[in-house]
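With PDB, C-alpha atoms inside, this is final33.pdb:
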MODEL        1
ATOM      1  CA  MET O 125      67.591   9.555 -42.490  1.00  0.00           C
ATOM      2  CA  GLU O 126      66.255   6.852 -40.171  1.00  0.00           C
ATOM      3  CA  GLN O 127      63.440   6.045 -42.597  1.00  0.00           C
ATOM      4  CA  VAL O 128      65.928   5.555 -45.417  1.00  0.00           C
ATOM      5  CA  GLY O 129      67.881   3.087 -43.282  1.00  0.00           C
ATOM      6  CA  LEU O 130      64.731   1.213 -42.262  1.00  0.00           C
ATOM      7  CA  MET O 131      63.502   1.135 -45.856  1.00  0.00           C
ATOM      8  CA  SER O 132      66.820  -0.223 -47.127  1.00  0.00           C
ATOM      9  CA  ILE O 133      66.744  -2.959 -44.463  1.00  0.00           C
ATOM     10  CA  ILE O 134      63.183  -3.836 -45.467  1.00  0.00           C
ATOM     11  CA  LEU O 135      64.202  -4.053 -49.134  1.00  0.00           C
ATOM     12  CA  VAL O 136      67.185  -6.294 -48.362  1.00  0.00           C
ATOM     13  CA  VAL O 137      65.066  -8.588 -46.212  1.00  0.00           C
ATOM     14  CA  LEU O 138      62.289  -8.627 -48.851  1.00  0.00           C
ATOM     15  CA  VAL O 139      64.724  -9.641 -51.592  1.00  0.00           C
ATOM     16  CA  SER O 140      66.183 -12.382 -49.396  1.00  0.00           C
ATOM     17  CA  TYR O 141      62.639 -13.517 -48.523  1.00  0.00           C
ATOM     18  CA  LEU O 142      61.741 -13.866 -52.199  1.00  0.00           C
ATOM     19  CA  TYR O 143      65.022 -15.675 -52.864  1.00  0.00           C
ATOM     20  CA  VAL O 144      64.293 -18.098 -50.022  1.00  0.00           C
ATOM     21  CA  LEU O 145      60.821 -18.833 -51.387  1.00  0.00           C
ATOM     22  CA  GLY O 146      62.303 -19.657 -54.788  1.00  0.00           C
ATOM     23  CA  ARG O 147      65.043 -21.856 -53.347  1.00  0.00           C
ATOM     24  CA  MET O 148      62.618 -23.743 -51.105  1.00  0.00           C
ATOM     25  CA  SER O 149      60.317 -24.520 -54.021  1.00  0.00           C
ATOM     26  CA  LYS O 150      63.319 -25.645 -56.065  1.00  0.00           C
ATOM     27  CA  LEU O 151      64.488 -27.930 -53.253  1.00  0.00           C
ATOM     28  CA  LYS O 152      60.979 -29.344 -52.960  1.00  0.00           C
ATOM     29  CA  ARG O 153      61.017 -30.186 -56.678  1.00  0.00           C
ATOM     30  CA  ILE O 154      64.500 -31.724 -56.408  1.00  0.00           C
ATOM     31  CA  TYR O 155      63.510 -33.976 -53.518  1.00  0.00           C
ATOM     32  CA  HIS O 156      60.116 -34.770 -55.104  1.00  0.00           C
ATOM     33  CA  ASN O 157      58.486 -34.226 -51.694  1.00  0.00           C
ATOM     34  CA  ASP O 158      59.876 -37.563 -50.458  1.00  0.00           C
ATOM     35  CA  GLU O 159      60.326 -38.773 -46.881  1.00  0.00           C
ATOM     36  CA  ARG O 160      63.708 -37.091 -46.471  1.00  0.00           C
ATOM     37  CA  TRP O 161      62.256 -33.743 -47.526  1.00  0.00           C
ATOM     38  CA  GLN O 162      59.376 -34.171 -45.091  1.00  0.00           C
ATOM     39  CA  GLN O 163      61.863 -34.891 -42.291  1.00  0.00           C
ATOM     40  CA  LEU O 164      63.942 -31.835 -43.219  1.00  0.00           C
ATOM     41  CA  LYS O 165      60.873 -29.602 -43.246  1.00  0.00           C
ATOM     42  CA  LEU O 166      59.705 -30.984 -39.907  1.00  0.00           C
ATOM     43  CA  ARG O 167      63.024 -30.353 -38.179  1.00  0.00           C
ATOM     44  CA  ALA O 168      63.416 -26.933 -39.810  1.00  0.00           C
ATOM     45  CA  GLY O 169      59.867 -26.099 -38.704  1.00  0.00           C
ATOM     46  CA  GLN O 170      60.843 -26.853 -35.119  1.00  0.00           C
ATOM     47  CA  ILE O 171      63.770 -24.443 -35.373  1.00  0.00           C
ATOM     48  CA  THR O 172      61.552 -21.774 -36.931  1.00  0.00           C
ATOM     49  CA  LYS O 173      58.985 -22.284 -34.173  1.00  0.00           C
ATOM     50  CA  ALA O 174      61.727 -21.720 -31.590  1.00  0.00           C
ATOM     51  CA  TYR O 175      62.652 -18.467 -33.395  1.00  0.00           C
ATOM     52  CA  TYR O 176      59.060 -17.203 -33.266  1.00  0.00           C
ATOM     53  CA  GLU O 177      58.693 -18.243 -29.615  1.00  0.00           C
ATOM     54  CA  GLY O 178      61.866 -16.336 -28.755  1.00  0.00           C
ATOM     55  CA  LEU O 179      60.505 -13.325 -30.618  1.00  0.00           C
ATOM     56  CA  ILE O 180      57.250 -13.472 -28.644  1.00  0.00           C
ATOM     57  CA  ILE O 181      59.152 -13.707 -25.351  1.00  0.00           C
ATOM     58  CA  LEU O 182      61.303 -10.722 -26.353  1.00  0.00           C
ATOM     59  CA  ILE O 183      58.204  -8.667 -27.212  1.00  0.00           C
ATOM     60  CA  ALA O 184      56.588  -9.612 -23.892  1.00  0.00           C
ATOM     61  CA  ILE O 185      59.691  -8.611 -21.918  1.00  0.00           C
ATOM     62  CA  LEU O 186      59.957  -5.294 -23.759  1.00  0.00           C
ATOM     63  CA  SER O 187      56.249  -4.627 -23.159  1.00  0.00           C
ATOM     64  CA  VAL O 188      56.661  -5.174 -19.425  1.00  0.00           C
ATOM     65  CA  ILE O 189      59.734  -2.948 -19.336  1.00  0.00           C
ATOM     66  CA  LEU O 190      57.866  -0.198 -21.193  1.00  0.00           C
ATOM     67  CA  LEU O 191      54.980  -0.438 -18.712  1.00  0.00           C
ATOM     68  CA  TRP O 192      57.310   0.290 -15.792  1.00  0.00           C
ATOM     69  CA  MET O 193      59.244   3.142 -17.412  1.00  0.00           C
ATOM     70  CA  PRO O 194      58.617   6.449 -15.644  1.00  0.00           C
ATOM     71  CA  THR O 195      58.226   8.412 -18.889  1.00  0.00           C
ATOM     72  CA  PRO O 196      56.166   7.055 -21.767  1.00  0.00           C
ATOM     73  CA  MET O 197      58.074   6.275 -24.937  1.00  0.00           C
ATOM     74  CA  LEU O 198      56.290   7.065 -28.188  1.00  0.00           C
ATOM     75  CA  VAL O 199      57.281   5.100 -31.275  1.00  0.00           C
ATOM     76  CA  PRO O 200      55.684   5.752 -34.683  1.00  0.00           C
ATOM     77  CA  LEU O 201      53.358   3.011 -35.882  1.00  0.00           C
ATOM     78  CA  ASP O 202      55.017   2.757 -39.310  1.00  0.00           C
ATOM     79  CA  ARG O 203      58.352   1.958 -37.652  1.00  0.00           C
ATOM     80  CA  ILE O 204      56.781  -0.776 -35.516  1.00  0.00           C
ATOM     81  CA  LEU O 205      55.020  -2.275 -38.550  1.00  0.00           C
ATOM     82  CA  GLY O 206      58.281  -2.214 -40.520  1.00  0.00           C
ATOM     83  CA  ILE O 207      60.175  -3.965 -37.753  1.00  0.00           C
ATOM     84  CA  GLY O 208      57.363  -6.533 -37.440  1.00  0.00           C
ATOM     85  CA  ALA O 209      57.475  -7.239 -41.171  1.00  0.00           C
ATOM     86  CA  ILE O 210      61.241  -7.683 -40.981  1.00  0.00           C
ATOM     87  CA  ALA O 211      60.909 -10.119 -38.061  1.00  0.00           C
ATOM     88  CA  ILE O 212      58.322 -12.219 -39.924  1.00  0.00           C
ATOM     89  CA  MET O 213      60.355 -12.333 -43.136  1.00  0.00           C
ATOM     90  CA  ILE O 214      63.489 -13.279 -41.214  1.00  0.00           C
ATOM     91  CA  GLY O 215      61.541 -16.289 -39.919  1.00  0.00           C
ATOM     92  CA  GLN O 216      61.435 -17.674 -43.462  1.00  0.00           C
ATOM     93  CA  LEU O 217      65.165 -17.050 -43.780  1.00  0.00           C
ATOM     94  CA  VAL O 218      65.743 -18.952 -40.523  1.00  0.00           C
ATOM     95  CA  GLU O 219      63.761 -21.892 -41.907  1.00  0.00           C
ATOM     96  CA  TYR O 220      65.772 -21.910 -45.145  1.00  0.00           C
ATOM     97  CA  LEU O 221      69.081 -21.787 -43.283  1.00  0.00           C
ATOM     98  CA  ALA O 222      67.890 -24.636 -41.064  1.00  0.00           C
ATOM     99  CA  VAL O 223      66.973 -26.712 -44.144  1.00  0.00           C
ATOM    100  CA  ARG O 224      70.389 -26.043 -45.690  1.00  0.00           C
ATOM    101  CA  ARG O 225      72.187 -26.965 -42.483  1.00  0.00           C
ATOM    102  CA  LEU O 226      70.125 -30.093 -41.877  1.00  0.00           C
ATOM    103  CA  ASP O 227      70.431 -31.123 -45.534  1.00  0.00           C
ATOM    104  CA  GLY O 228      74.199 -31.116 -45.173  1.00  0.00           C
ATOM    105  CA  MET O 229      74.028 -33.131 -41.962  1.00  0.00           C
ATOM    106  CA  MET O 230      71.627 -35.829 -43.165  1.00  0.00           C
TER     107      MET O 230
ENDMDL
END
With the file now loaded, output its structure as structure tokens.
Amino acid sequence: MEQVGLMSIILVVLVSYLYVLGRMSKLKRIYHNDERWQQLKLRAGQITKAYYEGLIILIAILSVILLWMPTPMLVPLDRILGIGAIAIMIGQLVEYLAVRRLDGMM
């Protein structure tokens, strides 16, 4: 049952990832890669970088906590890989949402 839930989450995130890639390429064509688009991408990249840095800090904290737990906790590798793939694909979604937000503000 857990694998079905994880697989459905992966599929939803994968579809949104592909949608984001299409929308970003469309926006790039609309703006003709001009200075405004470069500025949007730069600022959105900073927000995405902050997301990935937060993710790395979270992983480091969880690793330290798991080292000090009295009983070892075993997690299947396929579950960890699935969660990692979700986290990476959500990074693209964060960048797209940042571009949309910044586009409305500029």
Nearest candidate to Lys165 (chain O) (options O:Pro194, O:Met229, O:Val199, O:Arg224; using only C-alpha atoms):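 Counting only C-alpha atoms, the residue closest to Lys165 (chain O) is O:Arg224.
Atom pair CA of Met230 (chain O) / CA of Tyr141 (chain O): separated by 24.6 Å.
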Each residue of region 158-220 of chain O with at least one atom at most 10 Å from region 137-140 of chain O should appear once, together with its nearest atom pair and the corresponding distance in Å (one decimal); atoms considered: all atoms listed in the file; ordering: chain, then increasing residue number; output as CSV.
residue,atom,partner,partner_atom,distance
O:Ala209,CA,O:Leu138,CA,9.2
O:Ile210,CA,O:Val137,CA,6.5
O:Ala211,CA,O:Val137,CA,9.3
O:Ile212,CA,O:Val137,CA,9.9
O:Met213,CA,O:Val137,CA,6.8
O:Ile214,CA,O:Val137,CA,7.0
O:Gln216,CA,O:Ser140,CA,9.3
O:Leu217,CA,O:Ser140,CA,7.4
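Minimum atom-to-atom distances from O:Met125, O:Leu164, O:Ile154, O:Val136 to Gly228 (chain O) were compared using all atoms listed in the file, and the lowest value belongs to O:Leu164.
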Between CA of Tyr155 (chain O) and CA of Val223 (chain O), distance in Å (one decimal): 12.4 Å
Enter the distance from CA of Gly169 (chain O) to CA of Leu226 (chain O), in Å, rounded to one decimal.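 Atom-to-atom, CA of Gly169 (chain O) and CA of Leu226 (chain O) are spaced 11.5 Å apart.
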If the box runs along x, y and z of the file and leaves 4 Å on each side of region 145-156 of chain O, what are its centre and edge lengths in Å, one decimal, as lines of an AutoDock Vina configuration file?
center_x = 62.6
center_y = -26.8
center_z = -53.9
size_x = 12.9
size_y = 23.9
size_z = 13.6
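Closest approach to Val218 (chain O) from the set O:Ile171, O:Leu166, O:Leu182, O:Met148 is made by O:Ile171, with distances taken over all atoms listed in the file.
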For Gln170 (chain O), which of O:Asp227, O:Ala222, O:Asp202, O:Gln127 is the closest residue, counting only C-alpha atoms? O:Ala222
Rank nothing, just name the residue among O:Leu201, O:Pro196, O:Lys150, O:Gly215 nearest to Gly178 (chain O), using all atoms listed in the file.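 Checking each of O:Leu201, O:Pro196, O:Lys150, O:Gly215 against Gly178 (chain O), counting all atoms listed in the file, the winner is O:Gly215.
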Region 142-167 of chain O dumped to file, N, CA, C and O atoms, as a JSON list (two decimals), in the first residue's frame:
[["chain", "number", "residue", "atom", "x", "y", "z"],
["O", 142, "LEU", "N", 7.28, 17.76, -15.99],
["O", 142, "LEU", "CA", 7.23, 17.89, -17.46],
["O", 142, "LEU", "C", 6.44, 19.12, -17.87],
["O", 142, "LEU", "O", 6.79, 19.81, -18.84],
["O", 143, "TYR", "N", 5.37, 19.44, -17.16],
["O", 143, "TYR", "CA", 4.60, 20.63, -17.43],
["O", 143, "TYR", "C", 5.46, 21.88, -17.23],
["O", 143, "TYR", "O", 5.43, 22.81, -18.04],
["O", 144, "VAL", "N", 6.22, 21.90, -16.15],
["O", 144, "VAL", "CA", 7.08, 23.04, -15.85],
["O", 144, "VAL", "C", 8.13, 23.23, -16.94],
["O", 144, "VAL", "O", 8.40, 24.36, -17.37],
["O", 145, "LEU", "N", 8.71, 22.14, -17.41],
["O", 145, "LEU", "CA", 9.70, 22.25, -18.49],
["O", 145, "LEU", "C", 9.09, 22.87, -19.75],
["O", 145, "LEU", "O", 9.70, 23.72, -20.39],
["O", 146, "GLY", "N", 7.88, 22.44, -20.08],
["O", 146, "GLY", "CA", 7.20, 23.01, -21.24],
["O", 146, "GLY", "C", 6.87, 24.48, -21.07],
["O", 146, "GLY", "O", 7.07, 25.29, -21.98],
["O", 147, "ARG", "N", 6.37, 24.84, -19.90],
["O", 147, "ARG", "CA", 6.03, 26.25, -19.64],
["O", 147, "ARG", "C", 7.26, 27.14, -19.63],
["O", 147, "ARG", "O", 7.22, 28.26, -20.13],
["O", 148, "MET", "N", 8.36, 26.65, -19.07],
["O", 148, "MET", "CA", 9.59, 27.46, -19.03],
["O", 148, "MET", "C", 10.13, 27.69, -20.43],
["O", 148, "MET", "O", 10.58, 28.79, -20.75],
["O", 149, "SER", "N", 10.08, 26.68, -21.28],
["O", 149, "SER", "CA", 10.55, 26.88, -22.65],
["O", 149, "SER", "C", 9.62, 27.83, -23.41],
["O", 149, "SER", "O", 10.08, 28.63, -24.22],
["O", 150, "LYS", "N", 8.33, 27.76, -23.13],
["O", 150, "LYS", "CA", 7.39, 28.68, -23.76],
["O", 150, "LYS", "C", 7.65, 30.12, -23.30],
["O", 150, "LYS", "O", 7.64, 31.05, -24.12],
["O", 151, "LEU", "N", 7.88, 30.31, -22.01],
["O", 151, "LEU", "CA", 8.18, 31.64, -21.50],
["O", 151, "LEU", "C", 9.49, 32.19, -22.10],
["O", 151, "LEU", "O", 9.59, 33.37, -22.40],
["O", 152, "LYS", "N", 10.45, 31.30, -22.27],
["O", 152, "LYS", "CA", 11.72, 31.72, -22.87],
["O", 152, "LYS", "C", 11.50, 32.19, -24.30],
["O", 152, "LYS", "O", 12.08, 33.18, -24.74],
["O", 153, "ARG", "N", 10.65, 31.49, -25.04],
["O", 153, "ARG", "CA", 10.34, 31.93, -26.41],
["O", 153, "ARG", "C", 9.56, 33.23, -26.42],
["O", 153, "ARG", "O", 9.76, 34.09, -27.28],
["O", 154, "ILE", "N", 8.65, 33.41, -25.47],
["O", 154, "ILE", "CA", 7.85, 34.64, -25.41],
["O", 154, "ILE", "C", 8.75, 35.84, -25.13],
["O", 154, "ILE", "O", 8.61, 36.89, -25.76],
["O", 155, "TYR", "N", 9.67, 35.69, -24.19],
["O", 155, "TYR", "CA", 10.54, 36.80, -23.82],
["O", 155, "TYR", "C", 11.75, 36.94, -24.76],
["O", 155, "TYR", "O", 12.52, 37.88, -24.61],
["O", 156, "HIS", "N", 11.91, 36.03, -25.68],
["O", 156, "HIS", "CA", 13.02, 36.06, -26.65],
["O", 156, "HIS", "C", 14.37, 36.14, -25.96],
["O", 156, "HIS", "O", 15.31, 36.74, -26.48],
["O", 157, "ASN", "N", 14.47, 35.56, -24.77],
["O", 157, "ASN", "CA", 15.73, 35.50, -24.01],
["O", 157, "ASN", "C", 16.32, 36.90, -23.81],
["O", 157, "ASN", "O", 17.52, 37.10, -23.88],
["O", 158, "ASP", "N", 15.47, 37.89, -23.55],
["O", 158, "ASP", "CA", 15.94, 39.27, -23.39],
["O", 158, "ASP", "C", 16.47, 39.50, -21.97],
["O", 158, "ASP", "O", 16.59, 38.58, -21.16],
["O", 159, "GLU", "N", 16.78, 40.75, -21.68],
["O", 159, "GLU", "CA", 17.39, 41.10, -20.39],
["O", 159, "GLU", "C", 16.44, 40.83, -19.23],
["O", 159, "GLU", "O", 16.86, 40.37, -18.17],
["O", 160, "ARG", "N", 15.16, 41.08, -19.43],
["O", 160, "ARG", "CA", 14.19, 40.84, -18.37],
["O", 160, "ARG", "C", 14.12, 39.35, -18.03],
["O", 160, "ARG", "O", 14.07, 38.97, -16.86],
["O", 161, "TRP", "N", 14.13, 38.52, -19.06],
["O", 161, "TRP", "CA", 14.10, 37.07, -18.85],
["O", 161, "TRP", "C", 15.36, 36.61, -18.11],
["O", 161, "TRP", "O", 15.28, 35.79, -17.20],
["O", 162, "GLN", "N", 16.50, 37.16, -18.48],
["O", 162, "GLN", "CA", 17.74, 36.81, -17.80],
["O", 162, "GLN", "C", 17.67, 37.19, -16.32],
["O", 162, "GLN", "O", 18.12, 36.43, -15.46],
["O", 163, "GLN", "N", 17.11, 38.36, -16.03],
["O", 163, "GLN", "CA", 16.97, 38.81, -14.64],
["O", 163, "GLN", "C", 16.01, 37.91, -13.87],
["O", 163, "GLN", "O", 16.26, 37.55, -12.72],
["O", 164, "LEU", "N", 14.91, 37.52, -14.50],
["O", 164, "LEU", "CA", 13.95, 36.61, -13.87],
["O", 164, "LEU", "C", 14.61, 35.27, -13.54],
["O", 164, "LEU", "O", 14.46, 34.73, -12.45],
["O", 165, "LYS", "N", 15.34, 34.73, -14.51],
["O", 165, "LYS", "CA", 16.00, 33.44, -14.31],
["O", 165, "LYS", "C", 17.06, 33.52, -13.21],
["O", 165, "LYS", "O", 17.23, 32.58, -12.43],
["O", 166, "LEU", "N", 17.76, 34.64, -13.16],
["O", 166, "LEU", "CA", 18.80, 34.81, -12.14],
["O", 166, "LEU", "C", 18.18, 34.83, -10.74],
["O", 166, "LEU", "O", 18.65, 34.14, -9.84],
["O", 167, "ARG", "N", 17.14, 35.61, -10.58],
["O", 167, "ARG", "CA", 16.49, 35.70, -9.26],
["O", 167, "ARG", "C", 15.80, 34.39, -8.89],
["O", 167, "ARG", "O", 15.83, 33.97, -7.73]]
